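Shown below: data-v2.csv, with CSV, C-alpha atoms.
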chain,number,residue,atom,x,y,z
A,1,MET,CA,-25.5,-18.9,11.9
A,2,THR,CA,-23.1,-20.6,9.4
A,3,ARG,CA,-20.0,-22.3,10.7
A,4,LEU,CA,-16.9,-20.0,10.8
A,5,THR,CA,-14.3,-21.5,8.5
A,6,HIS,CA,-11.3,-20.3,10.6
A,7,LEU,CA,-12.5,-22.0,13.8
A,8,ASP,CA,-12.3,-25.8,14.4
A,9,GLU,CA,-15.0,-27.9,16.2
A,10,HIS,CA,-13.6,-26.7,19.5
A,11,GLY,CA,-13.7,-23.0,18.6
A,12,GLN,CA,-10.0,-22.7,18.2
A,13,ALA,CA,-8.4,-20.8,15.3
A,14,HIS,CA,-6.9,-22.8,12.5
A,15,MET,CA,-5.9,-22.3,8.9
A,16,VAL,CA,-8.5,-23.7,6.5
A,17,ASP,CA,-7.4,-26.9,4.7
A,18,VAL,CA,-7.7,-26.2,1.0
A,19,GLY,CA,-5.8,-29.4,0.0
A,20,ALA,CA,-8.8,-31.1,-1.7
A,21,LYS,CA,-9.8,-28.0,-3.7
A,22,THR,CA,-9.1,-27.7,-7.4
A,23,PRO,CA,-6.9,-24.8,-8.5
A,24,THR,CA,-8.9,-22.2,-10.5
A,25,HIS,CA,-8.1,-18.8,-11.9
A,26,ARG,CA,-8.9,-16.2,-9.3
A,27,ALA,CA,-8.7,-12.4,-9.3
A,28,ALA,CA,-9.6,-9.6,-7.0
A,29,ILE,CA,-9.7,-5.8,-7.2
A,30,ALA,CA,-9.6,-3.6,-4.1
A,31,GLY,CA,-9.6,0.1,-3.7
A,32,GLY,CA,-9.2,2.9,-1.1
A,33,ARG,CA,-8.4,6.6,-0.9
A,34,ILE,CA,-6.4,9.1,1.0
A,35,THR,CA,-7.8,12.6,1.4
A,36,MET,CA,-5.4,15.4,1.9
A,37,SER,CA,-4.7,19.1,1.7
A,38,ALA,CA,-4.4,20.8,-1.7
A,39,GLN,CA,-0.8,21.5,-0.8
A,40,ALA,CA,0.1,17.8,-0.2
A,41,ARG,CA,-1.8,16.7,-3.3
A,42,ALA,CA,0.0,19.3,-5.5
A,43,ALA,CA,3.4,18.2,-4.1
A,44,ILE,CA,2.6,14.6,-4.9
A,45,ALA,CA,1.4,15.5,-8.4
A,46,GLU,CA,4.5,17.8,-9.1
A,47,GLY,CA,7.0,15.4,-7.6
A,48,THR,CA,8.2,17.9,-5.0
A,49,VAL,CA,7.6,15.8,-1.8
A,50,PRO,CA,11.0,16.0,0.1
A,51,LYS,CA,11.1,12.2,0.6
A,52,GLY,CA,11.0,11.5,-3.2
A,53,ASP,CA,8.6,10.0,-5.7
A,54,VAL,CA,5.5,9.2,-3.6
A,55,ILE,CA,3.6,7.2,-6.3
A,56,ALA,CA,6.5,5.1,-7.4
A,57,THR,CA,7.4,4.3,-3.8
A,58,ALA,CA,3.8,3.5,-2.8
A,59,ARG,CA,3.5,1.2,-5.8
A,60,ILE,CA,6.5,-0.8,-4.8
A,61,ALA,CA,5.4,-0.9,-1.2
A,62,GLY,CA,1.9,-2.2,-2.2
A,63,ILE,CA,3.4,-4.9,-4.5
A,64,MET,CA,5.8,-6.0,-1.7
A,65,ALA,CA,2.9,-6.1,0.8
A,66,ALA,CA,0.7,-8.2,-1.5
A,67,LYS,CA,3.5,-10.8,-1.8
A,68,ARG,CA,3.8,-11.0,2.0
A,69,THR,CA,0.1,-10.9,3.0
A,70,SER,CA,0.3,-14.3,4.7
A,71,GLU,CA,3.1,-12.9,7.0
A,72,LEU,CA,0.8,-10.0,8.0
A,73,ILE,CA,-2.6,-11.5,8.3
A,74,PRO,CA,-3.0,-14.5,10.6
A,75,LEU,CA,-4.3,-17.7,8.9
A,76,CYS,CA,-3.9,-16.5,5.3
A,77,HIS,CA,-2.4,-19.0,3.0
A,78,PRO,CA,0.9,-18.1,1.4
A,79,LEU,CA,0.2,-17.5,-2.3
A,80,GLY,CA,2.4,-17.2,-5.3
A,81,LEU,CA,0.8,-14.4,-7.2
A,82,ASP,CA,0.7,-14.5,-11.0
A,83,ALA,CA,0.2,-10.7,-11.1
A,84,ILE,CA,-0.4,-7.6,-8.9
A,85,ALA,CA,-0.9,-4.2,-10.4
A,86,ILE,CA,-1.5,-1.0,-8.5
A,87,ASP,CA,-3.0,2.1,-10.0
A,88,PHE,CA,-3.2,5.7,-8.6
A,89,THR,CA,-5.6,8.4,-9.5
A,90,LEU,CA,-5.1,11.9,-8.2
A,91,ASP,CA,-8.3,13.8,-7.8
A,92,ASP,CA,-9.2,17.2,-6.2
A,93,ARG,CA,-9.4,15.5,-2.7
A,94,GLY,CA,-6.3,13.3,-2.8
A,95,VAL,CA,-5.3,10.0,-4.2
A,96,VAL,CA,-7.4,6.9,-5.0
A,97,VAL,CA,-5.5,3.6,-5.0
A,98,THR,CA,-6.7,0.5,-6.9
A,99,ALA,CA,-5.0,-2.9,-6.7
A,100,SER,CA,-5.7,-5.9,-9.0
A,101,ALA,CA,-4.3,-9.3,-8.0
A,102,SER,CA,-4.6,-12.7,-9.8
A,103,LEU,CA,-3.4,-16.3,-9.8
A,104,THR,CA,-4.4,-19.9,-10.3
A,105,ALA,CA,-4.7,-21.5,-6.9
A,106,LYS,CA,-7.0,-23.2,-4.4
A,107,THR,CA,-7.9,-20.0,-2.6
A,108,GLY,CA,-8.6,-16.4,-3.5
A,109,VAL,CA,-6.6,-13.2,-3.6
A,110,GLU,CA,-8.9,-10.8,-1.9
A,111,MET,CA,-6.7,-10.2,1.1
A,112,GLU,CA,-3.6,-9.7,-1.1
A,113,ALA,CA,-5.4,-7.0,-3.1
A,114,MET,CA,-6.7,-5.3,0.1
A,115,THR,CA,-3.3,-5.5,1.7
A,116,ALA,CA,-1.6,-3.9,-1.3
A,117,VAL,CA,-4.1,-1.0,-1.2
A,118,SER,CA,-3.7,-0.5,2.5
A,119,ILE,CA,0.1,-0.4,2.5
A,120,ALA,CA,0.2,1.8,-0.6
A,121,LEU,CA,-2.0,4.3,1.2
A,122,LEU,CA,0.1,4.1,4.4
A,123,THR,CA,3.2,4.7,2.3
A,124,ILE,CA,1.6,7.8,0.8
A,125,TYR,CA,0.8,9.1,4.3
A,126,ASP,CA,4.3,8.4,5.5
A,127,MET,CA,6.0,10.2,2.6
A,128,ALA,CA,3.7,13.3,2.7
A,129,LYS,CA,3.0,13.6,6.4
A,130,ALA,CA,5.6,16.5,6.7
A,131,ILE,CA,3.2,18.5,4.5
A,132,ASP,CA,-0.1,17.3,5.9
A,133,LYS,CA,-0.4,15.3,9.1
A,134,GLY,CA,-4.2,15.4,8.9
A,135,MET,CA,-4.5,13.1,5.9
A,136,VAL,CA,-7.3,10.6,6.2
A,137,ILE,CA,-7.2,7.0,4.8
A,138,ASP,CA,-10.6,5.5,4.2
A,139,ALA,CA,-12.9,3.4,2.0
A,140,VAL,CA,-10.5,0.5,1.8
A,141,ARG,CA,-12.6,-2.3,0.4
A,142,LEU,CA,-13.0,-5.2,-2.0
A,143,ILE,CA,-14.5,-4.0,-5.3
A,144,GLU,CA,-14.6,-7.3,-7.2
A,145,LYS,CA,-13.6,-10.9,-7.0
A,146,ARG,CA,-13.7,-13.7,-9.6
A,147,GLY,CA,-13.1,-17.4,-9.4
A,148,GLY,CA,-13.5,-20.0,-6.8
A,149,LYS,CA,-16.5,-21.9,-5.5
A,150,SER,CA,-18.6,-18.8,-4.7
A,151,GLY,CA,-18.1,-17.4,-8.2
A,152,PRO,CA,-18.0,-13.7,-9.2
A,153,TRP,CA,-18.9,-10.9,-6.8
A,154,ARG,CA,-18.9,-7.1,-7.3
A,155,ALA,CA,-19.6,-4.4,-4.8
A,156,ALA,CA,-22.7,-2.4,-5.3

Could I get this structure in the form of structure tokens?
Amino acid sequence: MTRLTHLDEHGQAHMVDVGAKTPTHRAAIAGGRITMSAQARAAIAEGTVPKGDVIATARIAGIMAAKRTSELIPLCHPLGLDAIAIDFTLDDRGVVVTASASLTAKTGVEMEAMTAVSIALLTIYDMAKAIDKGMVIDAVRLIEKRGGKSGPWRAA
């Protein structure tokens, strides 16, 4: 088994020291979906959800969450993002959310992209739950990452 990077030699949790690493351009894309009733999906598409514009609110929530990932996920480094973009696709089952994050730094932005997707999806749920409490959030995952020592990676 390889050594776990977030545990020290005594097995105690610690934040990884990235001080000696060289900053490189890094990017990550994450995605996820929320499945819902046709009624909830139509209300989102038509802009008739009583709480307001679901997509605009979810986009802002996702951006804010990405910027605060280190406050939400223990041991994550605080990062100054160069960019975060969140896209929404409505399909016949609900909404697919994709987040792209990038920066030049000593550590990657995978967690920021995944946090953005997760919070955007939770925001959609919160805003449309009066219409459909049975919505299901799933498939939150890393789709692609670029940069850093391990190089590029893409989900199968």

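For the set A:Lys51, A:Lys149, A:Arg59, A:Arg41, the residue with the smallest atom-to-atom gap to A:Ile86 is A:Arg59, counting only C-alpha atoms.
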
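Interatomic distance, atom CA of A:Ile34 to atom CA of A:Arg154: 22.1 Å.
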
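The closest residue to A:Gly80, picked from A:Gly134, A:Gly108, A:Gly52, A:Gly151 and counting all atoms listed in the file, is A:Gly108.
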
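Atom pair atom CA of A:Val136 / atom CA of A:Met36 has a distance of 6.7 Å (rounded to one decimal).
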
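Counting only C-alpha atoms and comparing A:Ala28, A:Ala156, A:Ile73, A:Ala43, the residue that lies closest to A:Leu103 is A:Ala28.
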
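With distances taken over all atoms listed in the file, A:Thr123 is the one residue among A:Val140, A:Ala38, A:Thr123, A:Thr104 lying closest to A:Ala65.
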
* To do: Go ahead and find all residues with at least one atom no further than 9 Å from (-3.3, -14.3, -4.0) in the file's coordinates, using all atoms listed in the file; report them as JSON, numbers by chain.
  => {"A": [26, 27, 28, 66, 67, 69, 77, 78, 79, 80, 81, 82, 83, 84, 101, 102, 103, 104, 105, 107, 108, 109, 110, 111, 112, 113]}

* **Exercise: A:Ala99 partners within 8 Å, all atoms listed in the file, chain neighbours under 4 positions left out, as a VMD selection string** => chain A and resid 29 to 31 84 to 87 113 to 114 116 to 117

* **Nearest-residue call for A:Ala120, choices A:Pro50, A:Gly11, A:Pro74, A:Gly62, using all atoms listed in the file** => A:Gly62

* So, counting all atoms listed in the file, which residue among A:Leu122, A:Ala130, A:Lys106, A:Cys76 is closest to A:Lys21? -> A:Lys106

* To do: Would you list the residues near (-1.4, 19.9, -0.9) (no more than 10 Å away, in the coordinates of the file, using only C-alpha atoms) as a list in words?
  => Thr35, Met36, Ser37, Ala38, Gln39, Ala40, Arg41, Ala42, Ala43, Ile44, Ala45, Val49, Asp92, Arg93, Gly94, Ala128, Ile131 and Asp132 of chain A

* Structure fact -> Correct to one decimal, the distance atom CA of A:Tyr125-atom CA of A:Lys145 is 27.1 Å

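Using all atoms listed in the file, the contacts of A:Trp153 at a cut-off of 10 Å, with sequence neighbours closer than 5 positions omitted, comprise Ala28, Leu142, Ile143, Glu144, Lys145, Arg146 and Gly147 of chain A.
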
Using C-alpha atoms, can you export the residues from the last selection as a PDB file, in the frame of the given file?
ATOM      1  CA  ALA A  28      -9.600  -9.600  -7.000  1.00  0.00           C
ATOM      2  CA  LEU A 142     -13.000  -5.200  -2.000  1.00  0.00           C
ATOM      3  CA  ILE A 143     -14.500  -4.000  -5.300  1.00  0.00           C
ATOM      4  CA  GLU A 144     -14.600  -7.300  -7.200  1.00  0.00           C
ATOM      5  CA  LYS A 145     -13.600 -10.900  -7.000  1.00  0.00           C
ATOM      6  CA  ARG A 146     -13.700 -13.700  -9.600  1.00  0.00           C
ATOM      7  CA  GLY A 147     -13.100 -17.400  -9.400  1.00  0.00           C
TER       8      GLY A 147
END

What would stretch 30-52 of chain A look like with N, CA and C atoms in place, written as a PDB file, in the coordinates of the input?
ATOM      1  N   ALA A  30      -9.280  -4.371  -5.344  1.00  0.00           N
ATOM      2  CA  ALA A  30      -9.600  -3.600  -4.100  1.00  0.00           C
ATOM      3  C   ALA A  30      -9.260  -2.159  -4.349  1.00  0.00           C
ATOM      4  N   GLY A  31      -9.834  -1.312  -3.536  1.00  0.00           N
ATOM      5  CA  GLY A  31      -9.600   0.100  -3.700  1.00  0.00           C
ATOM      6  C   GLY A  31      -9.611   0.811  -2.335  1.00  0.00           C
ATOM      7  N   GLY A  32      -9.144   2.037  -2.336  1.00  0.00           N
ATOM      8  CA  GLY A  32      -9.200   2.900  -1.100  1.00  0.00           C
ATOM      9  C   GLY A  32      -8.710   4.272  -1.523  1.00  0.00           C
ATOM     10  N   ARG A  33      -8.777   5.193  -0.578  1.00  0.00           N
ATOM     11  CA  ARG A  33      -8.400   6.600  -0.900  1.00  0.00           C
ATOM     12  C   ARG A  33      -7.696   7.205   0.312  1.00  0.00           C
ATOM     13  N   ILE A  34      -6.933   8.251   0.019  1.00  0.00           N
ATOM     14  CA  ILE A  34      -6.400   9.100   1.000  1.00  0.00           C
ATOM     15  C   ILE A  34      -6.718  10.534   0.689  1.00  0.00           C
ATOM     16  N   THR A  35      -7.389  11.188   1.618  1.00  0.00           N
ATOM     17  CA  THR A  35      -7.800  12.600   1.400  1.00  0.00           C
ATOM     18  C   THR A  35      -6.760  13.458   2.094  1.00  0.00           C
ATOM     19  N   MET A  36      -6.436  14.565   1.432  1.00  0.00           N
ATOM     20  CA  MET A  36      -5.400  15.400   1.900  1.00  0.00           C
ATOM     21  C   MET A  36      -5.564  16.864   1.511  1.00  0.00           C
ATOM     22  N   SER A  37      -4.691  17.708   2.014  1.00  0.00           N
ATOM     23  CA  SER A  37      -4.700  19.100   1.700  1.00  0.00           C
ATOM     24  C   SER A  37      -4.344  19.333   0.207  1.00  0.00           C
ATOM     25  N   ALA A  38      -4.758  20.464  -0.332  1.00  0.00           N
ATOM     26  CA  ALA A  38      -4.400  20.800  -1.700  1.00  0.00           C
ATOM     27  C   ALA A  38      -2.871  20.910  -1.847  1.00  0.00           C
ATOM     28  N   GLN A  39      -2.213  21.378  -0.792  1.00  0.00           N
ATOM     29  CA  GLN A  39      -0.800  21.500  -0.800  1.00  0.00           C
ATOM     30  C   GLN A  39      -0.071  20.146  -0.949  1.00  0.00           C
ATOM     31  N   ALA A  40      -0.524  19.182  -0.169  1.00  0.00           N
ATOM     32  CA  ALA A  40       0.100  17.800  -0.200  1.00  0.00           C
ATOM     33  C   ALA A  40      -0.223  17.181  -1.567  1.00  0.00           C
ATOM     34  N   ARG A  41      -1.443  17.329  -2.047  1.00  0.00           N
ATOM     35  CA  ARG A  41      -1.800  16.700  -3.300  1.00  0.00           C
ATOM     36  C   ARG A  41      -0.984  17.333  -4.458  1.00  0.00           C
ATOM     37  N   ALA A  42      -0.777  18.647  -4.427  1.00  0.00           N
ATOM     38  CA  ALA A  42       0.000  19.300  -5.500  1.00  0.00           C
ATOM     39  C   ALA A  42       1.481  18.835  -5.408  1.00  0.00           C
ATOM     40  N   ALA A  43       2.023  18.670  -4.213  1.00  0.00           N
ATOM     41  CA  ALA A  43       3.400  18.200  -4.100  1.00  0.00           C
ATOM     42  C   ALA A  43       3.573  16.796  -4.629  1.00  0.00           C
ATOM     43  N   ILE A  44       2.584  15.949  -4.397  1.00  0.00           N
ATOM     44  CA  ILE A  44       2.600  14.600  -4.900  1.00  0.00           C
ATOM     45  C   ILE A  44       2.561  14.659  -6.466  1.00  0.00           C
ATOM     46  N   ALA A  45       1.621  15.431  -6.989  1.00  0.00           N
ATOM     47  CA  ALA A  45       1.400  15.500  -8.400  1.00  0.00           C
ATOM     48  C   ALA A  45       2.657  16.126  -9.133  1.00  0.00           C
ATOM     49  N   GLU A  46       3.295  17.096  -8.491  1.00  0.00           N
ATOM     50  CA  GLU A  46       4.500  17.800  -9.100  1.00  0.00           C
ATOM     51  C   GLU A  46       5.773  17.077  -8.799  1.00  0.00           C
ATOM     52  N   GLY A  47       5.748  16.079  -7.948  1.00  0.00           N
ATOM     53  CA  GLY A  47       7.000  15.400  -7.600  1.00  0.00           C
ATOM     54  C   GLY A  47       7.915  16.147  -6.723  1.00  0.00           C
ATOM     55  N   THR A  48       7.350  17.011  -5.864  1.00  0.00           N
ATOM     56  CA  THR A  48       8.200  17.900  -5.000  1.00  0.00           C
ATOM     57  C   THR A  48       8.162  17.476  -3.543  1.00  0.00           C
ATOM     58  N   VAL A  49       7.634  16.299  -3.230  1.00  0.00           N
ATOM     59  CA  VAL A  49       7.600  15.800  -1.800  1.00  0.00           C
ATOM     60  C   VAL A  49       9.087  15.565  -1.453  1.00  0.00           C
ATOM     61  N   PRO A  50       9.540  16.118  -0.328  1.00  0.00           N
ATOM     62  CA  PRO A  50      11.000  16.000   0.100  1.00  0.00           C
ATOM     63  C   PRO A  50      11.476  14.540   0.127  1.00  0.00           C
ATOM     64  N   LYS A  51      10.622  13.573   0.456  1.00  0.00           N
ATOM     65  CA  LYS A  51      11.100  12.200   0.600  1.00  0.00           C
ATOM     66  C   LYS A  51      11.247  11.494  -0.764  1.00  0.00           C
ATOM     67  N   GLY A  52      10.765  12.091  -1.867  1.00  0.00           N
ATOM     68  CA  GLY A  52      11.000  11.500  -3.200  1.00  0.00           C
ATOM     69  C   GLY A  52       9.646  11.211  -3.897  1.00  0.00           C
TER      70      GLY A  52
END
